[in-house]
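Notes to accompany the following structure.
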Amino acid sequence: MVFSSPTFLFWFLPAVLWGRLLIGQRIGWQNILLLVASFFFYASADAANLALLTASIIINYGVGLFLGPKRPRLSRIMLAVGVTANLLLLGSFKYAGYVVAQINGVVGHVVISLDPIPLPLGISFFTFQAMSYLIDVARGESEPQRNLFRLAMYISLFPQLVAGPIVRYRDVDAQIVERKLMLADLAPGMRRFIVGLGKKILIADNLAPVVQAAFDGGLGAPGPMLAWLGALCFTGQIYFDFSGYSDMAIGLGRMFGFRFRENFEHPYASRSIVEFWRRWHISLSTWFRDYLYIPLGGNRCPPLRRSLNLWVVFVLCGLWHGASTSFLVWGVYHGTFLVLERTRLDRLRAKLPGWAAQIYTLAVVVIGWVLFRANTLNEALLHLASMSQLLQQAWTGETGILATLTSEVDAVVALALIASVIFATRQPTELLARSFERLQLDRVGPFARDSALLLCFFACIVSAAATTFRPFLYWRF
C-alpha cells in the first residue's frame with residue numbers, strides 16, 4: 001500500500017481521518033489511532049519485518065531511559081550502545097551482502113557465502129529517526145520519552161515512515177503531547193497532499209519510461225541523444241518523485257496536527273553545490289551536518305581537516321542511499337565539489353553571472369545523477385562517455401530504442417519535461433505564487449485554486465489506472 005494506490009486513497013486514509021474526527025481533541029487516543037494505523041500501514045507493505053520495526057522501537061525506548069545530562073558518564077556509554085545497535089541493525093541488512101561480495105572479489109573465490117537479505121522497508125529512515133531521538137535526549141535537547149506508545153508513534157508514524165522526511169525528535173516532541181487538532185488543518189493538508197500526488201503521477205511517472213530506456217535498455221551504452229535525454233529525465237523524475245512524496249508526507253502530517261519541516265526548496269535553482277545541498281533532501285543533509293559534521297569539528301577545523309570531514313560525511317551520505325560502488329562514488333563526487341567550492345574554485349564561481357552559476361550547478365548535479373541511477377559504475381562511465389560525444393549524429397544508435405516509445409508517451413514526456421523546468425526552478429514558481437496571491441484578493445481565487453487541485457486529483461486517478469504502477473524511488477533506500 002503506497003500513498004498513490006487506490007487502497008490508500010479510498011480506504012485507508014478516509015478511515016483514519018474519520019477516526020481522527022470521531023476521537024476529537026483527546027491526544028492520547030489520537031496517538032493510539034496513529035500508532036495502530038502506522039503499524040497496519042507498514043504490515044500491508046512489509047509484514048515480514050514488522051517485528052524488526054517493533055524491536056527497534058523497544059530497544060531505543062529502553063536505551064533512551066538512561067540518557068540525559070544529569071548522568072553524563074552513563075549517558076555517554078548508553079548513547080554509544082544505542083547508536084551502535086542502530087548502525088548494526090542498518091548495516092546487517094543493508095551492507096552485509098556488499099561487504100561479503102567485496103571480500104570474495106578481492107580474494108578471488110568465495111570465502112564467505114551469504115544469501116541475499118531483503119531490505120526492510122524504510123530501515124534507513126526509521127533508524128536515523130531513532131538515532132535522532134537518542135542523540136537529542138543525550139544532549140539534553142529533549143526529555144526521555146517514558147511512554148512507549150508515544151515513542152513508537154514517533155518512530156513509526158506512517159506519513160514519513162518509509163521515505164521521510166527524517167523528522168528530528170526535538171522538532172516534534174512537544175507536538176506528540178500537545179498538538180492542536182483543528183479542522184482548519186484538513187484542507188491545507190489535503191491541498192499539499194494533492195500537489196505531491198500530482199508531482200509523482202503526472203510528472204515523475206511519465207518521465208520514467210525514457211529513464212528506463214536510457215539506463216535499462218540492455219543494448220550497451222545509449223547513443224548521445226538518448227543518454228542526455230535519460231539523464232535529464234531522471235533529473236526531473238527523482239526530484240518530482242521524492243519531493244512529491246515529501247509533499248504528501250507533510251500534507252498528511254498537517255491533517256493530523258503535525259508540522260513537519262520542508263524537505264526541498266527548489267534545489268535546481270541553486271548557484272553552487274553548497275547551496276544545492278542546503279535545498280535538496282534537507283532533512284538528511286541537516287541530519288549529517290548536526291549529528292556528524294559539526295561533532296567532527298565542522299567549519300572550525302583547519303582547511304585540510306575540514307575537507308576530510310566533508311568527504312567522510314558525503315561518503316557516508318552516498319552509502320546511506322545504498323551499498324554499491326556507484327553510490328560510494330556519487331558521495332565522493334559531491335564531496336569533492338563541496339571541498340573545491342571552499343577553495344579558489346568558489347572565487348571563480350562567484351564571478352559568474354547568476355544564470356551561468358546555475359548552469360554550472362545543474363551540470364554537476366546531472367552528471368552526478370548518472371552515477372546515482374546507473375546499475376553499475378561501469379554502466380555509469382559508459383553513459384557519461386556517450387553523453388560526451390557531442391559531435392555524434394543525434395539519432396545514431398538510439399532510434400531503435402526511441403521507436404519503442406509510442407507517440408502518446410513521447411507527447412506526455414515532453415509535457416512532463418516542460419513541467420519539470422517550470423516547477424523545479426525558483427523564478428517560474430515565484431511568479432505563479434504571486435499570481436495566486438493576487439487571485440486571493442478576489443473570491444474567485446480560492447475556488448479556482450481548489451478546482452484546479454480537484455482536477456489534478458482526478459487526473460492522477462485516471463493516469464494511475466491507465467499506466468503501470470511505479471513505486472516511489474526512495475522506497476528502496
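Every chain in the C-alpha cells takes a letter, A first, then B, and so on in the order presented; its residues are numbered from 1, and the ligands are numbered from 1 following the presented order.
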| query | Near Leu67 (chain A), within 8 Å and counting only C-alpha atoms, which residues show up once chain neighbours fewer than 2 positions away are dropped, as a ChimeraX atom specification? | reply | /A:63-65,69,71-72,74-76,78-79,134,137-138,144
List the spatial neighbours of Ser132 (chain A) as a short mmCIF file (atom, residue, chain, number, x, y, z; two decimals) with N, CA and C atoms, in the first residue's frame - criterion: any atom at most 7 Å away, only C-alpha atoms, same-chain residues fewer than 3 positions off excluded.
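Result file out.cif:
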data_model
loop_
_atom_site.label_atom_id
_atom_site.label_comp_id
_atom_site.auth_asym_id
_atom_site.auth_seq_id
_atom_site.Cartn_x
_atom_site.Cartn_y
_atom_site.Cartn_z
N PHE A 128 17.51 6.27 11.30
CA PHE A 128 18.04 7.62 11.53
C PHE A 128 17.14 8.42 12.47
N GLN A 129 15.84 8.21 12.39
CA GLN A 129 14.94 8.89 13.34
C GLN A 129 15.20 8.40 14.76
N ILE A 135 20.21 10.89 20.38
CA ILE A 135 21.19 11.99 20.44
C ILE A 135 20.56 13.24 21.05
N ASP A 136 19.32 13.56 20.66
CA ASP A 136 18.66 14.75 21.21
C ASP A 136 18.47 14.63 22.71
N ARG A 168 13.25 15.16 13.13
CA ARG A 168 14.02 15.20 14.38
C ARG A 168 13.06 15.08 15.57
N TYR A 169 13.50 14.37 16.59
CA TYR A 169 12.64 14.20 17.76
C TYR A 169 12.39 15.54 18.44
#
| How far is it from CA of Asp241 (chain A) to CA of Ala204 (chain A), in Å with one decimal? |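 The value is 5.3 Å.
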| Per-residue DSSP, region 290-354 of chain A, filtered to alpha helix (DSSP H), as a ChimeraX atom specification | /A:303-321,325-340,344-350,354
The selected residues should be written to file as a tab-separated table (two decimals), in the first residue's frame (atoms: N, CA and C atoms).
chain	number	residue	atom	x	y	z
A	303	PRO	N	41.76	23.89	7.25
A	303	PRO	CA	41.22	23.54	5.93
A	303	PRO	C	41.34	22.07	5.57
A	304	LEU	N	42.50	21.45	5.83
A	304	LEU	CA	42.69	20.05	5.45
A	304	LEU	C	41.76	19.14	6.23
A	305	ARG	N	41.64	19.38	7.52
A	305	ARG	CA	40.74	18.58	8.36
A	305	ARG	C	39.29	18.81	7.95
A	306	ARG	N	38.94	20.04	7.64
A	306	ARG	CA	37.57	20.35	7.22
A	306	ARG	C	37.24	19.61	5.92
A	307	SER	N	38.18	19.58	4.99
A	307	SER	CA	37.96	18.87	3.73
A	307	SER	C	37.76	17.38	3.99
A	308	LEU	N	38.57	16.82	4.87
A	308	LEU	CA	38.45	15.41	5.21
A	308	LEU	C	37.08	15.12	5.83
A	309	ASN	N	36.63	16.02	6.71
A	309	ASN	CA	35.31	15.85	7.33
A	309	ASN	C	34.20	15.85	6.29
A	310	LEU	N	34.31	16.75	5.31
A	310	LEU	CA	33.30	16.80	4.25
A	310	LEU	C	33.27	15.51	3.45
A	311	TRP	N	34.45	14.99	3.12
A	311	TRP	CA	34.50	13.74	2.37
A	311	TRP	C	33.91	12.59	3.18
A	312	VAL	N	34.22	12.53	4.47
A	312	VAL	CA	33.67	11.48	5.32
A	312	VAL	C	32.15	11.55	5.32
A	313	VAL	N	31.62	12.75	5.50
A	313	VAL	CA	30.16	12.93	5.54
A	313	VAL	C	29.52	12.48	4.24
A	314	PHE	N	30.10	12.86	3.11
A	314	PHE	CA	29.44	12.55	1.84
A	314	PHE	C	29.71	11.13	1.36
A	315	VAL	N	30.78	10.51	1.79
A	315	VAL	CA	30.93	9.07	1.56
A	315	VAL	C	29.82	8.33	2.30
A	316	LEU	N	29.58	8.70	3.54
A	316	LEU	CA	28.51	8.07	4.32
A	316	LEU	C	27.14	8.42	3.76
A	317	CYS	N	26.99	9.64	3.25
A	317	CYS	CA	25.73	10.03	2.62
A	317	CYS	C	25.46	9.16	1.39
A	318	GLY	N	26.51	8.92	0.59
A	318	GLY	CA	26.35	8.05	-0.56
A	318	GLY	C	25.99	6.64	-0.15
A	319	LEU	N	26.68	6.10	0.86
A	319	LEU	CA	26.40	4.74	1.31
A	319	LEU	C	25.04	4.64	2.00
A	320	TRP	N	24.55	5.74	2.58
A	320	TRP	CA	23.21	5.72	3.17
A	320	TRP	C	22.18	5.36	2.10
A	321	HIS	N	22.41	5.82	0.88
A	321	HIS	CA	21.45	5.54	-0.19
A	321	HIS	C	21.51	4.10	-0.66
A	325	THR	N	29.13	0.46	-5.29
A	325	THR	CA	30.24	1.34	-5.63
A	325	THR	C	29.75	2.63	-6.27
A	326	SER	N	28.65	2.55	-7.02
A	326	SER	CA	28.11	3.75	-7.67
A	326	SER	C	27.70	4.79	-6.65
A	327	PHE	N	27.00	4.38	-5.60
A	327	PHE	CA	26.59	5.33	-4.56
A	327	PHE	C	27.82	5.88	-3.83
A	328	LEU	N	28.81	5.03	-3.60
A	328	LEU	CA	30.04	5.48	-2.95
A	328	LEU	C	30.72	6.56	-3.78
A	329	VAL	N	30.84	6.32	-5.09
A	329	VAL	CA	31.49	7.29	-5.98
A	329	VAL	C	30.66	8.56	-6.06
A	330	TRP	N	29.33	8.42	-6.08
A	330	TRP	CA	28.44	9.60	-6.10
A	330	TRP	C	28.69	10.47	-4.87
A	331	GLY	N	28.84	9.84	-3.70
A	331	GLY	CA	29.12	10.61	-2.49
A	331	GLY	C	30.47	11.30	-2.55
A	332	VAL	N	31.50	10.59	-3.03
A	332	VAL	CA	32.83	11.19	-3.17
A	332	VAL	C	32.78	12.34	-4.18
A	333	TYR	N	32.04	12.15	-5.26
A	333	TYR	CA	31.90	13.17	-6.31
A	333	TYR	C	31.34	14.47	-5.74
A	334	HIS	N	30.23	14.38	-5.02
A	334	HIS	CA	29.64	15.59	-4.43
A	334	HIS	C	30.55	16.16	-3.34
A	335	GLY	N	31.15	15.29	-2.54
A	335	GLY	CA	32.06	15.77	-1.51
A	335	GLY	C	33.23	16.54	-2.09
A	336	THR	N	33.73	16.08	-3.25
A	336	THR	CA	34.85	16.76	-3.90
A	336	THR	C	34.47	18.17	-4.33
A	337	PHE	N	33.29	18.32	-4.92
A	337	PHE	CA	32.86	19.67	-5.34
A	337	PHE	C	32.62	20.57	-4.14
A	338	LEU	N	32.12	20.02	-3.05
A	338	LEU	CA	31.94	20.83	-1.85
A	338	LEU	C	33.29	21.30	-1.31
A	339	VAL	N	34.29	20.43	-1.36
A	339	VAL	CA	35.63	20.82	-0.92
A	339	VAL	C	36.20	21.89	-1.84
A	340	LEU	N	36.06	21.68	-3.16
A	340	LEU	CA	36.59	22.64	-4.12
A	340	LEU	C	35.93	24.01	-3.99
A	344	ARG	N	39.71	28.02	-4.00
A	344	ARG	CA	39.74	29.06	-5.02
A	344	ARG	C	38.64	28.91	-6.05
A	345	LEU	N	38.14	27.69	-6.23
A	345	LEU	CA	37.07	27.50	-7.21
A	345	LEU	C	35.87	28.37	-6.89
A	346	ASP	N	35.61	28.57	-5.59
A	346	ASP	CA	34.45	29.39	-5.24
A	346	ASP	C	34.65	30.84	-5.64
A	347	ARG	N	35.89	31.31	-5.64
A	347	ARG	CA	36.14	32.69	-6.09
A	347	ARG	C	35.83	32.82	-7.58
A	348	LEU	N	36.19	31.79	-8.35
A	348	LEU	CA	35.87	31.80	-9.78
A	348	LEU	C	34.37	31.70	-9.99
A	349	ARG	N	33.72	30.81	-9.22
A	349	ARG	CA	32.27	30.65	-9.36
A	349	ARG	C	31.53	31.92	-9.00
A	350	ALA	N	32.02	32.62	-7.97
A	350	ALA	CA	31.36	33.85	-7.52
A	350	ALA	C	31.39	34.94	-8.58
A	354	GLY	N	24.62	35.05	-12.53
A	354	GLY	CA	23.72	34.13	-11.85
A	354	GLY	C	23.30	32.96	-12.71
| message | I need the residue nearest Trp369 (chain A) from this list: A:Gly230, A:Pro302, A:Pro224, A:Gly251. Use only C-alpha atoms for the distance. | response |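 For Trp369 (chain A), the nearest of the candidates is A:Gly230.
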| message | What's around Ala85 (chain A) at 9 Å? Count only C-alpha atoms, leave out sequence neighbours fewer than 5 positions away in its own chain, and write the answer as number ranges by chain. | response | A: 56, 59-60, 80, 90
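Residues lying within 10 Å of Gln160 (chain A), counting only C-alpha atoms and ignoring same-chain neighbours fewer than 3 positions away, are Ser38, Gly122, Phe125, Phe126, Tyr154, Ile155, Ser156, Leu157, Ala163, Gly164, Pro165, Ile166, Val167, Tyr245, Ser246, Met248, Ala249, Ile250, Leu252, Gly253 and Phe260 of chain A.
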Output file for the selection above: C-alpha atoms, as a compact mmCIF listing (two decimals), in the first residue's frame:
# COMPACT_ATOMS: atom_id res chain seq x y z
CA SER A 38 1.06 3.14 11.19
CA GLY A 122 12.14 2.26 5.37
CA PHE A 125 14.70 6.38 7.61
CA PHE A 126 13.35 4.92 10.84
CA TYR A 154 7.18 8.94 16.59
CA ILE A 155 9.38 6.27 15.00
CA SER A 156 6.62 4.53 13.03
CA LEU A 157 4.37 7.46 12.05
CA ALA A 163 10.71 7.59 2.75
CA GLY A 164 10.99 10.58 5.06
CA PRO A 165 11.33 13.40 5.70
CA ILE A 166 13.60 12.37 8.58
CA VAL A 167 11.83 14.11 11.46
CA TYR A 245 6.45 12.06 -1.52
CA SER A 246 7.69 14.72 0.91
CA MET A 248 2.36 14.14 0.61
CA ALA A 249 4.01 13.30 3.94
CA ILE A 250 3.95 16.95 5.07
CA LEU A 252 -0.66 14.06 5.84
CA GLY A 253 1.15 15.27 8.94
CA PHE A 260 7.00 18.80 9.60
Each residue of region 55-163 of chain A lying at most 9 Å from region 16-32 of chain A should get a row with its shortest atom-to-atom pair and the distance in Å to one decimal, counting only C-alpha atoms; could you produce that, ordered by chain and increasing number, as JSON lines?
{"residue": "A:Phe149", "atom": "CA", "partner": "A:Ile32", "partner_atom": "CA", "distance": 7.3}
{"residue": "A:Arg150", "atom": "CA", "partner": "A:Asn31", "partner_atom": "CA", "distance": 6.8}
{"residue": "A:Met153", "atom": "CA", "partner": "A:Asn31", "partner_atom": "CA", "distance": 6.7}
Put those residues in a file: C-alpha atoms, as an mmCIF file, in the first residue's frame.
data_model
loop_
_atom_site.group_PDB
_atom_site.id
_atom_site.type_symbol
_atom_site.label_atom_id
_atom_site.label_comp_id
_atom_site.auth_asym_id
_atom_site.auth_seq_id
_atom_site.Cartn_x
_atom_site.Cartn_y
_atom_site.Cartn_z
ATOM 1 C CA PHE A 149 3.427 4.207 22.791
ATOM 2 C CA ARG A 150 4.392 7.831 22.154
ATOM 3 C CA MET A 153 4.266 6.542 17.200
#
Skipping near chain neighbours, those fewer than 5 positions away, what residues fall within 8 Å of Leu202 (chain A) using only C-alpha atoms, listed as a CSV table (one decimal) with N, CA and C atoms, in the first residue's frame?
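Dumped to part-v3.csv:
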chain,number,residue,atom,x,y,z
A,197,LEU,N,0.9,14.3,-4.9
A,197,LEU,CA,0.4,13.3,-5.8
A,197,LEU,C,0.5,13.6,-7.2
A,416,ALA,N,5.8,16.6,-19.5
A,416,ALA,CA,6.4,16.4,-18.2
A,416,ALA,C,7.7,17.1,-18.1
A,459,ALA,N,-7.1,13.7,-12.5
A,459,ALA,CA,-6.2,13.4,-13.5
A,459,ALA,C,-5.2,12.3,-13.0
A,460,CYS,N,-4.8,12.4,-11.7
A,460,CYS,CA,-3.9,11.4,-11.1
A,460,CYS,C,-4.6,10.1,-11.1
A,463,SER,N,-4.7,8.7,-14.6
A,463,SER,CA,-3.4,8.3,-15.1
A,463,SER,C,-2.9,7.1,-14.4
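For the pair CA of Phe40 (chain A) and CA of Leu119 (chain A), the separation is 18.8 Å.
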| Do you have the CA of Val177 (chain A)-CA of Arg191 (chain A) distance handy? |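 These two atoms are separated by 25.6 Å.
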